[in-house]
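The structure file input.tsv is reproduced below (TSV, C-alpha atoms and all ligand atoms).
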chain	number	residue	atom	x	y	z
D	1	MET	CA	-14.95	-3.57	-17.76
D	2	ARG	CA	-13.46	-0.35	-16.35
D	3	GLU	CA	-10.58	0.88	-18.49
D	4	ARG	CA	-7.42	1.84	-16.61
D	5	PRO	CA	-7.04	5.61	-16.79
D	6	MET	CA	-3.59	6.95	-17.54
D	7	SER	CA	-1.58	7.91	-14.45
D	8	GLU	CA	-3.91	6.08	-12.08
D	9	HIS	CA	-1.00	5.18	-9.81
D	10	GLY	CA	2.18	6.83	-8.66
D	11	GLY	CA	5.47	5.53	-10.05
D	12	ASN	CA	4.52	6.16	-13.69
D	13	SER	CA	7.79	7.96	-14.38
D	14	VAL	CA	8.12	6.43	-17.87
D	15	GLU	CA	4.85	7.99	-19.01
D	16	ILE	CA	5.65	11.39	-17.50
D	17	ALA	CA	9.22	11.39	-18.82
D	18	GLN	CA	7.88	10.59	-22.28
D	19	GLN	CA	5.54	13.57	-22.10
D	20	LEU	CA	8.45	15.79	-21.06
D	21	GLY	CA	10.79	14.34	-23.66
D	22	ILE	CA	13.39	13.34	-21.06
D	23	ALA	CA	14.79	10.04	-19.77
D	24	PRO	CA	12.87	8.53	-16.79
D	25	GLU	CA	16.13	8.53	-14.79
D	26	ALA	CA	16.23	12.32	-15.06
D	27	LEU	CA	13.13	12.52	-12.85
D	28	LEU	CA	13.32	12.52	-9.07
D	29	ASP	CA	10.33	10.31	-8.34
D	30	PHE	CA	8.44	11.07	-5.12
D	31	SER	CA	5.26	9.53	-6.51
D	32	ALA	CA	5.98	5.85	-5.69
D	33	ASN	CA	6.26	4.87	-2.03
D	34	ILE	CA	9.31	2.63	-2.12
D	35	ASN	CA	11.85	2.19	0.70
D	36	PRO	CA	14.55	4.77	-0.12
D	37	LEU	CA	17.31	2.41	1.04
D	38	GLY	CA	16.65	0.26	-2.03
D	39	LEU	CA	17.53	-3.42	-2.25
D	40	SER	CA	19.10	-4.94	0.84
D	41	ALA	CA	22.56	-6.47	0.52
D	42	ARG	CA	20.97	-9.86	1.23
D	43	VAL	CA	18.52	-9.58	-1.66
D	44	LYS	CA	21.23	-8.40	-4.06
D	45	SER	CA	23.46	-11.29	-3.15
D	46	LEU	CA	20.63	-13.86	-3.39
D	47	ILE	CA	19.72	-12.67	-6.86
D	48	THR	CA	23.21	-12.44	-8.25
D	49	THR	CA	24.21	-15.85	-6.91
D	50	HIS	CA	21.03	-17.65	-8.04
D	51	LEU	CA	20.52	-16.36	-11.57
D	52	GLU	CA	20.32	-19.96	-12.79
D	53	LEU	CA	16.87	-20.20	-11.15
D	54	ILE	CA	15.55	-18.44	-14.22
D	55	GLU	CA	16.35	-21.59	-16.20
D	56	ARG	CA	13.88	-23.68	-14.16
D	57	TYR	CA	10.18	-23.57	-13.35
D	58	PRO	CA	9.55	-22.50	-9.79
D	59	ASP	CA	7.88	-25.02	-7.44
D	60	VAL	CA	4.24	-24.63	-8.47
D	61	GLU	CA	3.18	-24.97	-4.81
D	62	TYR	CA	5.84	-22.50	-3.55
D	63	ARG	CA	6.39	-24.81	-0.55
D	64	HIS	CA	9.52	-23.13	0.84
D	65	LEU	CA	8.15	-19.64	0.33
D	66	HIS	CA	4.84	-20.45	2.03
D	67	GLN	CA	6.65	-22.13	4.90
D	68	ALA	CA	8.91	-19.11	5.42
D	69	LEU	CA	5.98	-16.65	5.31
D	70	ALA	CA	3.98	-18.82	7.72
D	71	SER	CA	6.78	-19.10	10.24
D	72	ALA	CA	7.59	-15.37	10.10
D	73	ASN	CA	3.91	-14.71	10.81
D	74	HIS	CA	3.55	-17.47	13.45
D	75	CYS	CA	0.77	-19.21	11.59
D	76	ASP	CA	0.15	-22.45	9.72
D	77	VAL	CA	1.11	-22.82	6.11
D	78	GLU	CA	-2.60	-23.42	5.38
D	79	GLN	CA	-3.27	-19.84	6.44
D	80	VAL	CA	-1.02	-18.13	3.92
D	81	ILE	CA	-0.78	-17.72	0.16
D	82	ALA	CA	1.88	-15.74	-1.68
D	83	GLY	CA	1.12	-13.69	-4.76
D	84	ASN	CA	2.74	-11.74	-7.56
D	85	GLY	CA	2.45	-8.60	-5.46
D	86	ALA	CA	-0.53	-7.89	-3.23
D	87	THR	CA	-2.31	-6.90	-6.44
D	88	GLU	CA	-2.63	-10.49	-7.69
D	89	LEU	CA	-4.20	-11.43	-4.37
D	90	ILE	CA	-6.71	-8.56	-4.42
D	91	TYR	CA	-8.02	-9.85	-7.75
D	92	GLY	CA	-7.81	-13.52	-6.73
D	93	LEU	CA	-9.61	-12.94	-3.45
D	94	VAL	CA	-12.40	-10.91	-5.04
D	95	ARG	CA	-12.88	-13.70	-7.62
D	96	ALA	CA	-12.93	-16.32	-4.86
D	97	LEU	CA	-15.34	-14.45	-2.59
D	98	SER	CA	-17.48	-13.28	-5.49
D	99	PRO	CA	-19.25	-10.63	-3.39
D	100	ARG	CA	-22.48	-9.04	-4.58
D	101	SER	CA	-21.82	-5.89	-2.56
D	102	ALA	CA	-18.63	-4.40	-1.17
D	103	MET	CA	-17.92	-1.37	0.99
D	104	LEU	CA	-14.91	0.77	0.11
D	105	LEU	CA	-13.45	3.61	2.12
D	106	VAL	CA	-12.99	6.72	-0.01
D	107	PRO	CA	-10.35	7.96	-0.73
D	108	GLY	CA	-8.51	4.66	-1.08
D	109	PHE	CA	-6.37	2.46	-3.32
D	110	ALA	CA	-7.83	2.12	-6.83
D	111	GLU	CA	-7.42	-1.60	-7.48
D	112	TYR	CA	-10.14	-2.83	-5.09
D	113	ARG	CA	-12.77	-1.03	-7.14
D	114	ARG	CA	-11.39	-2.33	-10.39
D	115	ALA	CA	-11.26	-5.94	-9.14
D	116	LEU	CA	-14.83	-5.65	-7.81
D	117	ALA	CA	-16.07	-4.11	-11.07
D	118	GLN	CA	-14.72	-7.11	-12.98
D	119	GLN	CA	-16.99	-9.31	-10.88
D	120	GLY	CA	-20.00	-7.05	-11.39
D	121	CYS	CA	-20.04	-6.27	-7.67
D	122	ARG	CA	-22.03	-3.31	-6.32
D	123	VAL	CA	-19.76	-0.81	-4.54
D	124	ILE	CA	-20.94	1.07	-1.47
D	125	GLU	CA	-18.72	4.07	-0.80
D	126	TYR	CA	-17.97	5.11	2.75
D	127	ARG	CA	-16.58	8.66	2.60
D	128	LEU	CA	-13.73	9.62	4.88
D	129	GLU	CA	-14.34	13.31	5.50
D	130	GLU	CA	-11.65	15.96	5.64
D	131	SER	CA	-13.54	17.51	8.57
D	132	GLN	CA	-13.00	14.22	10.48
D	133	GLY	CA	-9.31	14.22	9.59
D	134	PHE	CA	-9.97	11.51	6.94
D	135	GLN	CA	-10.20	8.95	9.75
D	136	PRO	CA	-12.95	6.35	10.18
D	137	ASP	CA	-14.85	6.29	13.48
D	138	GLN	CA	-17.89	4.60	15.03
D	139	GLN	CA	-19.99	5.79	12.10
D	140	LEU	CA	-18.21	3.25	9.93
D	141	LEU	CA	-19.44	0.45	12.20
D	142	GLU	CA	-22.93	1.90	12.00
D	143	ALA	CA	-22.74	1.99	8.18
D	144	VAL	CA	-21.60	-1.65	8.11
D	145	ARG	CA	-24.49	-2.67	10.39
D	146	GLN	CA	-26.97	-0.86	8.19
D	147	GLN	CA	-25.64	-1.72	4.75
D	148	ARG	CA	-24.48	-5.28	5.48
D	149	PRO	CA	-22.07	-5.57	2.53
D	150	ASP	CA	-20.65	-9.01	1.65
D	151	CYS	CA	-17.17	-7.62	2.05
D	152	LEU	CA	-15.32	-4.53	3.19
D	153	PHE	CA	-11.88	-3.28	2.18
D	154	ILE	CA	-9.90	-1.09	4.54
D	155	ALA	CA	-6.22	-0.11	4.14
D	156	THR	CA	-4.16	0.32	7.30
D	157	PRO	CA	-2.36	2.65	6.95
D	158	ASN	CA	-4.54	4.10	4.25
D	159	ASN	CA	-3.20	5.15	0.87
D	160	PRO	CA	-3.04	8.05	0.00
D	161	THR	CA	-3.65	9.59	3.44
D	162	GLY	CA	-0.98	7.59	5.31
D	163	LEU	CA	-3.26	7.51	8.35
D	164	MET	CA	-3.61	4.55	10.68
D	165	PRO	CA	-7.12	3.98	12.06
D	166	ASP	CA	-7.49	3.61	15.80
D	167	ALA	CA	-6.52	0.05	16.89
D	168	GLN	CA	-9.58	-0.30	19.12
D	169	LEU	CA	-11.86	0.68	16.23
D	170	LEU	CA	-10.18	-1.85	13.95
D	171	ASN	CA	-10.69	-4.59	16.49
D	172	GLU	CA	-14.36	-3.65	16.90
D	173	LEU	CA	-14.71	-3.69	13.12
D	174	ALA	CA	-13.15	-7.15	12.92
D	175	GLU	CA	-15.50	-8.38	15.66
D	176	LEU	CA	-18.53	-6.93	13.90
D	177	CYS	CA	-17.54	-8.44	10.54
D	178	GLU	CA	-16.92	-11.83	12.15
D	179	THR	CA	-20.34	-11.95	13.81
D	180	SER	CA	-22.07	-10.52	10.72
D	181	GLN	CA	-20.26	-12.91	8.34
D	182	ILE	CA	-18.78	-10.06	6.32
D	183	ALA	CA	-15.37	-10.66	4.73
D	184	LEU	CA	-13.04	-7.98	6.12
D	185	ILE	CA	-10.06	-7.43	3.83
D	186	VAL	CA	-7.46	-5.36	5.62
D	187	ASP	CA	-4.82	-4.10	3.25
D	188	GLU	CA	-1.59	-3.95	5.24
D	189	ALA	CA	0.60	-3.19	2.21
D	190	PHE	CA	2.50	-0.58	4.26
D	191	ILE	CA	2.30	-2.18	7.71
D	192	ASP	CA	5.99	-3.21	7.67
D	193	PHE	CA	6.89	0.49	7.84
D	194	LEU	CA	5.28	0.66	11.28
D	195	PRO	CA	7.61	-0.91	13.85
D	196	GLN	CA	4.63	-1.94	16.03
D	197	GLY	CA	3.12	-3.96	13.14
D	198	SER	CA	-0.46	-5.18	12.83
D	199	SER	CA	-2.93	-5.02	15.71
D	200	LEU	CA	-5.19	-7.53	13.94
D	201	ALA	CA	-2.72	-10.36	13.30
D	202	ALA	CA	-3.49	-11.95	16.68
D	203	ARG	CA	-7.14	-12.38	15.67
D	204	LEU	CA	-6.35	-14.52	12.62
D	205	VAL	CA	-6.45	-17.91	14.34
D	206	HIS	CA	-9.99	-17.43	15.62
D	207	SER	CA	-11.33	-15.77	12.53
D	208	ASN	CA	-13.19	-17.02	9.49
D	209	TYR	CA	-13.83	-13.67	7.86
D	210	LEU	CA	-10.61	-11.72	8.36
D	211	TYR	CA	-8.05	-11.37	5.53
D	212	LEU	CA	-4.75	-9.55	5.96
D	213	LEU	CA	-3.15	-8.49	2.72
D	214	ARG	CA	0.57	-7.77	2.74
D	215	SER	CA	2.90	-6.38	0.11
D	216	LEU	CA	6.63	-6.94	0.15
D	217	THR	CA	7.28	-4.64	-2.78
D	218	LYS	CA	7.29	-1.35	-0.87
D	219	PHE	CA	9.21	-2.06	2.31
D	220	PHE	CA	11.78	-4.30	0.62
D	221	ALA	CA	12.00	-2.12	-2.51
D	222	ILE	CA	11.15	-4.88	-4.99
D	223	PRO	CA	8.20	-3.49	-7.00
D	224	GLY	CA	9.80	-4.79	-10.20
D	225	LEU	CA	10.38	-8.27	-8.76
D	226	ARG	CA	6.81	-8.41	-7.31
D	227	LEU	CA	5.77	-10.26	-4.17
D	228	GLY	CA	2.98	-10.12	-1.63
D	229	TYR	CA	0.95	-12.49	0.53
D	230	LEU	CA	-2.41	-13.00	2.12
D	231	LEU	CA	-3.08	-14.32	5.62
D	232	SER	CA	-6.41	-15.67	6.80
D	233	GLY	CA	-7.92	-17.94	9.41
D	234	ASN	CA	-10.26	-19.12	6.68
D	235	ARG	CA	-8.30	-22.11	5.45
D	236	ALA	CA	-10.98	-23.07	2.92
D	237	THR	CA	-10.57	-19.79	1.05
D	238	ILE	CA	-6.78	-20.04	1.13
D	239	ARG	CA	-7.03	-23.63	-0.16
D	240	HIS	CA	-9.42	-22.51	-2.88
D	241	LEU	CA	-7.05	-19.69	-3.92
D	242	LYS	CA	-4.10	-22.08	-4.08
D	243	ALA	CA	-6.05	-24.65	-6.07
D	244	ASN	CA	-7.43	-22.17	-8.58
D	245	ARG	CA	-4.56	-19.79	-9.22
D	246	GLU	CA	-2.73	-19.64	-12.51
D	247	PRO	CA	0.48	-21.66	-12.20
D	248	TRP	CA	3.92	-20.06	-11.69
D	249	SER	CA	2.62	-16.51	-11.28
D	250	ILE	CA	5.49	-15.76	-8.88
D	251	ASN	CA	8.88	-15.94	-10.58
D	252	GLY	CA	11.65	-18.11	-9.17
D	253	LEU	CA	13.84	-15.24	-7.97
D	254	ALA	CA	10.96	-13.56	-6.14
D	255	ALA	CA	10.07	-16.89	-4.52
D	256	LEU	CA	13.66	-17.33	-3.35
D	257	VAL	CA	14.04	-13.78	-2.07
D	258	GLY	CA	10.69	-14.00	-0.27
D	259	GLN	CA	12.04	-16.83	1.89
D	260	HIS	CA	14.61	-14.49	3.40
D	261	LEU	CA	13.07	-11.01	3.53
D	262	LEU	CA	11.14	-11.19	6.77
D	263	THR	CA	14.16	-12.34	8.76
D	264	ASP	CA	16.45	-9.60	7.41
D	265	ASP	CA	16.48	-7.82	10.78
D	266	ASP	CA	19.42	-5.52	10.04
D	267	TYR	CA	17.70	-4.11	6.98
D	268	ILE	CA	14.34	-3.90	8.74
D	269	ASN	CA	15.76	-1.99	11.73
D	270	LEU	CA	17.91	0.30	9.62
D	271	SER	CA	14.91	1.11	7.40
D	272	HIS	CA	12.73	1.96	10.41
D	273	GLN	CA	15.36	4.31	11.80
D	274	TYR	CA	16.25	5.96	8.50
D	275	ILE	CA	12.67	6.47	7.35
D	276	ALA	CA	11.52	7.77	10.75
D	277	ARG	CA	14.24	10.44	10.64
D	278	GLN	CA	13.53	11.50	7.08
D	279	ARG	CA	9.77	11.41	7.57
D	280	GLU	CA	10.15	13.69	10.58
D	281	TYR	CA	12.29	16.09	8.54
D	282	LEU	CA	9.74	16.24	5.69
D	283	TRP	CA	6.77	16.54	8.07
D	284	HIS	CA	8.27	19.53	9.85
D	285	ALA	CA	9.62	21.15	6.69
D	286	LEU	CA	6.29	20.83	4.83
D	287	LYS	CA	4.42	22.27	7.79
D	288	GLN	CA	6.54	25.42	7.55
D	289	PHE	CA	4.64	26.41	4.41
D	290	THR	CA	1.52	28.15	5.61
D	291	SER	CA	-0.41	27.21	2.48
D	292	LEU	CA	0.11	23.49	3.09
D	293	VAL	CA	-2.02	21.39	5.44
D	294	VAL	CA	-0.06	18.23	6.23
D	295	TRP	CA	-1.48	15.09	7.83
D	296	GLN	CA	0.72	13.32	10.33
D	297	PRO	CA	2.40	10.44	8.50
D	298	THR	CA	2.86	6.91	9.84
D	299	ALA	CA	4.50	5.06	6.94
D	300	ASN	CA	6.89	6.19	4.19
D	301	TYR	CA	4.76	8.86	2.55
D	302	LEU	CA	3.11	12.16	3.42
D	303	PHE	CA	-0.29	13.47	2.38
D	304	PHE	CA	-1.00	17.18	2.16
D	305	LYS	CA	-3.30	19.82	0.78
D	306	CYS	CA	-2.25	23.04	-0.91
D	307	THR	CA	-4.71	25.81	-0.11
D	308	HIS	CA	-3.40	28.09	-2.87
D	309	GLN	CA	-6.13	28.34	-5.47
D	310	HIS	CA	-3.91	28.80	-8.51
D	311	ILE	CA	-0.84	26.65	-7.95
D	312	ASN	CA	-0.55	23.19	-9.43
D	313	LEU	CA	2.34	21.80	-7.39
D	314	LYS	CA	2.78	18.73	-9.58
D	315	SER	CA	3.31	20.81	-12.73
D	316	ALA	CA	5.44	23.37	-10.93
D	317	LEU	CA	7.72	20.68	-9.49
D	318	LEU	CA	7.92	18.84	-12.82
D	319	ALA	CA	9.52	21.98	-14.24
D	320	GLN	CA	12.31	21.14	-11.77
D	321	ARG	CA	12.15	17.46	-12.76
D	322	ILE	CA	10.59	16.37	-9.51
D	323	LEU	CA	7.58	14.06	-9.76
D	324	ILE	CA	5.00	13.97	-6.97
D	325	ARG	CA	1.61	12.24	-6.80
D	326	HIS	CA	-1.28	14.53	-7.57
D	327	CYS	CA	-4.30	13.02	-5.79
D	328	GLU	CA	-6.94	14.75	-7.91
D	329	ASN	CA	-8.04	11.48	-9.55
D	330	TYR	CA	-8.86	9.77	-6.23
D	331	PRO	CA	-12.61	9.67	-5.69
D	332	GLY	CA	-13.24	11.82	-2.61
D	333	LEU	CA	-10.31	14.20	-3.23
D	334	ASP	CA	-9.70	17.14	-5.54
D	335	SER	CA	-6.86	18.99	-7.22
D	336	HIS	CA	-5.60	20.48	-3.94
D	337	PHE	CA	-4.33	17.15	-2.57
D	338	TYR	CA	-0.89	15.59	-3.02
D	339	ARG	CA	1.24	12.73	-1.75
D	340	VAL	CA	5.02	12.48	-1.56
D	341	ALA	CA	7.21	9.52	-0.66
D	342	VAL	CA	10.00	9.71	1.90
D	343	ARG	CA	13.24	9.49	-0.05
D	344	ARG	CA	16.92	9.85	0.82
D	345	GLU	CA	18.12	12.83	2.83
D	346	ASP	CA	19.61	14.87	-0.04
D	347	GLU	CA	16.56	14.17	-2.22
D	348	ASN	CA	14.14	15.22	0.51
D	349	ARG	CA	16.09	18.45	0.94
D	350	GLN	CA	15.92	18.98	-2.81
D	351	LEU	CA	12.14	18.64	-2.69
D	352	ILE	CA	11.81	21.20	0.10
D	353	GLN	CA	14.20	23.53	-1.69
D	354	ALA	CA	12.15	23.25	-4.89
D	355	LEU	CA	8.93	23.85	-2.99
D	356	SER	CA	10.32	26.98	-1.39
D	357	GLN	CA	10.93	28.38	-4.85
D	358	ILE	CA	7.28	27.79	-5.73
D	359	LEU	CA	5.65	28.71	-2.43
D	360	THR	CA	7.24	31.74	-0.80
D	361	PRO	CA	8.54	30.74	2.65
D	362	ASP	CA	5.38	31.70	4.53
D	363	SER	CA	2.87	30.93	1.80
D	401	LIG	C1	-2.63	0.23	-0.43
D	401	LIG	C2	-1.98	-0.63	-1.46
D	401	LIG	N1	-2.29	-1.94	-1.51
D	401	LIG	C3	-1.71	-2.77	-2.41
D	401	LIG	C4	-0.81	-2.30	-3.33
D	401	LIG	C5	-0.22	-3.25	-4.32
D	401	LIG	O1	1.08	-3.59	-3.99
D	401	LIG	P1	1.93	-4.66	-4.79
D	401	LIG	O2	3.06	-3.95	-5.42
D	401	LIG	O3	2.38	-5.64	-3.74
D	401	LIG	O4	1.04	-5.32	-5.78
D	401	LIG	C6	-0.47	-0.95	-3.34
D	401	LIG	C7	0.48	-0.41	-4.33
D	401	LIG	O5	0.66	0.78	-4.48
D	401	LIG	C8	-1.06	-0.09	-2.37
D	401	LIG	O6	-0.76	1.21	-2.32
Have the structure of the file written as structure tokens, please.
Amino acid sequence: MRERPMSEHGGNSVEIAQQLGIAPEALLDFSANINPLGLSARVKSLITTHLELIERYPDVEYRHLHQALASANHCDVEQVIAGNGATELIYGLVRALSPRSAMLLVPGFAEYRRALAQQGCRVIEYRLEESQGFQPDQQLLEAVRQQRPDCLFIATPNNPTGLMPDAQLLNELAELCETSQIALIVDEAFIDFLPQGSSLAARLVHSNYLYLLRSLTKFFAIPGLRLGYLLSGNRATIRHLKANREPWSINGLAALVGQHLLTDDDYINLSHQYIARQREYLWHALKQFTSLVVWQPTANYLFFKCTHQHINLKSALLAQRILIRHCENYPGLDSHFYRVAVRREDENRQLIQALSQILTPDS
């Protein structure tokens, strides 16, 4: 089995703080992509007024939670399963599908590969090239036709690039996978940050091979509570996942909160407005540095390359107690690539200020 390397993900502020000999709270963490508005008032109030739920087992079938997720997504309850974060569902789905070969887009989120390795699955890498702006195009469809993997993972928007593939291409991909009987797992962990939402959701009813993976931890700022869900037109797989999961993997408070998140319109709208403004600020401010190449962001994080040969921005910013995600350990990237989350206004300004001390204004 593949061992988990240290610092594989962002958000490892405890580990970094330990290395620096400081408290994790002393770090300004731009490495985890969490909604900067934090918990909504509704979530706080639900948790504080229902603490007694901890004294009971949650409903092992999560009936109310599944019903709420189904109605928010205009689908049947047989088409949805909730999980302890999207991560639990990645592993569960890979176990259920038991693919012999899987295509992964590179660079991409690390856990698909790890889940596939646990099943002894052969991984076929499809490289997203910097020269193509790290975006998939018709060549991806060609590769799928030629390689005929049992399943394909694609994240929309992608992590770490933050790029959203063309909607037409995604629909063609879904069509191709459906007719070729290839399980298409579309990771929409960050889709809630895009006000227009998913262009593939409408296909679910007619589809047997399409899986939409959602995370609630990022947009609703509950990575420590953990919650995600999976949508599919393939009711047999959803039934299989429900029947074979380990019991009570979602805690009672997460199950309660999950019934109310997707209807929290005030928080959802406020988040869209706030993040759009701050993302715009960071995008323009980062582009001012001539040594940075910045890709246009769509969600709550920005991906960029530092063309300076000798500057390690992560180390330089850590000296100012700012933590960013170095993307050097992503297959397909190297030490020049970084990712930063959109945080609150004063924090974003602090990041730009710190960067201008490292990179002279026009370098
Ligand atoms: C693309 C992507 N998918 C899934 C996940 C897992 O999210 P969760 O916290 O819901 O397990 C992450 C977390 O970083 C992610 O970046």
message = Counting all atoms listed in the file, I want the residues whose atoms come within 12 Å of (12.0, 10.5, -7.4) in the file frame, returned as a count of residues only.
response = 38
ask   = Using only C-alpha atoms, which residues sit within 12 Å of stretch 110-113 of chain D once same-chain residues fewer than 3 positions away are excluded, as a ChimeraX atom specification?
value = /D:1-5,7-10,86-95,101-107,116-125,151-155,158-160,185-187,213,327,329-332
ask   = Any idea what's packed within 12 Å of D:Asn251, counting all atoms listed in the file, ignoring anything in its chain fewer than 5 positions away? Could you give it as number ranges by chain?
value = D: 47, 51, 53-60, 62, 65, 82-85, 224-227, 256-258
inquiry  = List the spatial neighbours of D:Ile311 as a list of chain:residue names - criterion: any atom at most 12 Å away, all atoms listed in the file, same-chain residues fewer than 4 positions off excluded.
reply    =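 In the requested form, the answer reads D:Ser291, D:Leu292, D:Lys305, D:Cys306, D:Thr307, D:Ser315, D:Ala316, D:Leu317, D:Ser335, D:His336, D:Phe337, D:Leu355, D:Ile358, D:Leu359, D:Thr360, D:Ser363.
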Keeping only C-alpha atoms, write the selected residues to a file as a CSV table (one decimal), in the frame of the given file.
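Result written to result.csv:
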chain,number,residue,atom,x,y,z
D,291,SER,CA,-0.4,27.2,2.5
D,292,LEU,CA,0.1,23.5,3.1
D,305,LYS,CA,-3.3,19.8,0.8
D,306,CYS,CA,-2.2,23.0,-0.9
D,307,THR,CA,-4.7,25.8,-0.1
D,315,SER,CA,3.3,20.8,-12.7
D,316,ALA,CA,5.4,23.4,-10.9
D,317,LEU,CA,7.7,20.7,-9.5
D,335,SER,CA,-6.9,19.0,-7.2
D,336,HIS,CA,-5.6,20.5,-3.9
D,337,PHE,CA,-4.3,17.2,-2.6
D,355,LEU,CA,8.9,23.8,-3.0
D,358,ILE,CA,7.3,27.8,-5.7
D,359,LEU,CA,5.6,28.7,-2.4
D,360,THR,CA,7.2,31.7,-0.8
D,363,SER,CA,2.9,30.9,1.8
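Taking only C-alpha atoms, the non-local environment of D:Gln135 within 10 Å (same-chain residues fewer than 6 positions away omitted) comprises Leu105, Arg127, Leu128, Glu129, Asn158, Thr161, Leu163, Met164, Pro165 and Asp166 of chain D.
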request  = Extract, using only C-alpha atoms, all DNA, RNA and protein residues at most 7 Å from D:His66, discarding same-chain residues fewer than 6 positions from it, and format them as a PyMOL selection string.
outcome  = chain D and resi 77+80-82
task = Point out the residue among D:Ala299, D:Leu333, D:Ile268, D:Ala167 with the least atom-to-atom distance to ligand LIG 401 (chain D), counting only C-alpha atoms and all ligand atoms.
result =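 Residue with the minimum atom-to-atom distance to ligand LIG 401 (chain D): D:Ala299.
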Please give the centre and size of the box around stretch 98-102 of chain D (axis-aligned, containing every atom listed in the file, 8 Å added per side), with values in Å to one decimal and written as JSON.
{"center_x": -20.0, "center_y": -8.8, "center_z": -3.3, "size_x": 21.0, "size_y": 24.9, "size_z": 20.3}
task = Grab the atom CA of D:Leu253 to atom CA of D:Asn234 distance for me, in Å with one decimal place.
result = 28.5 Å
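Proximity of D:Gln181, D:Gln79, D:Thr217, D:Gln309 to D:Leu230, computed with only C-alpha atoms, is greatest for D:Gln79.
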Within-10 Å shell of (18.5, 14.6, 8.5) in input frame, only C-alpha atoms, as a ChimeraX atom specification = /D:274,277-282,344-346,348-349
Residue with smallest distance to D:Asn312 - pool D:Leu37, D:Tyr338, D:Ala174, D:Gln146, counting all atoms listed in the file = D:Tyr338
ask   = Mind pulling up the distance from atom CA of D:Glu175 to atom CA of D:His206?
value =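 So the answer is 10.6 Å.
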Length of the atom CA of D:Ala201 to atom CA of D:Arg145 vector [Å] = 23.3 Å
query = Counting all atoms listed in the file, which of D:Tyr267, D:Tyr229, D:Tyr211, D:Phe193 gets nearest to ligand LIG 401 (chain D)?
reply =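 Of the candidates, the smallest distance to ligand LIG 401 (chain D) is held by D:Tyr229.
Among the candidates D:Leu231, D:Ile191, D:Leu262, D:Leu286, the one nearest to ligand LIG 401 (chain D) when counting only C-alpha atoms and all ligand atoms is D:Ile191.
Of the residues listed (D:Ser356, D:Gln168, D:Asn73, D:Ser40), D:Ser356 shows the shortest atom-to-atom separation from D:Thr290; distances use only C-alpha atoms.
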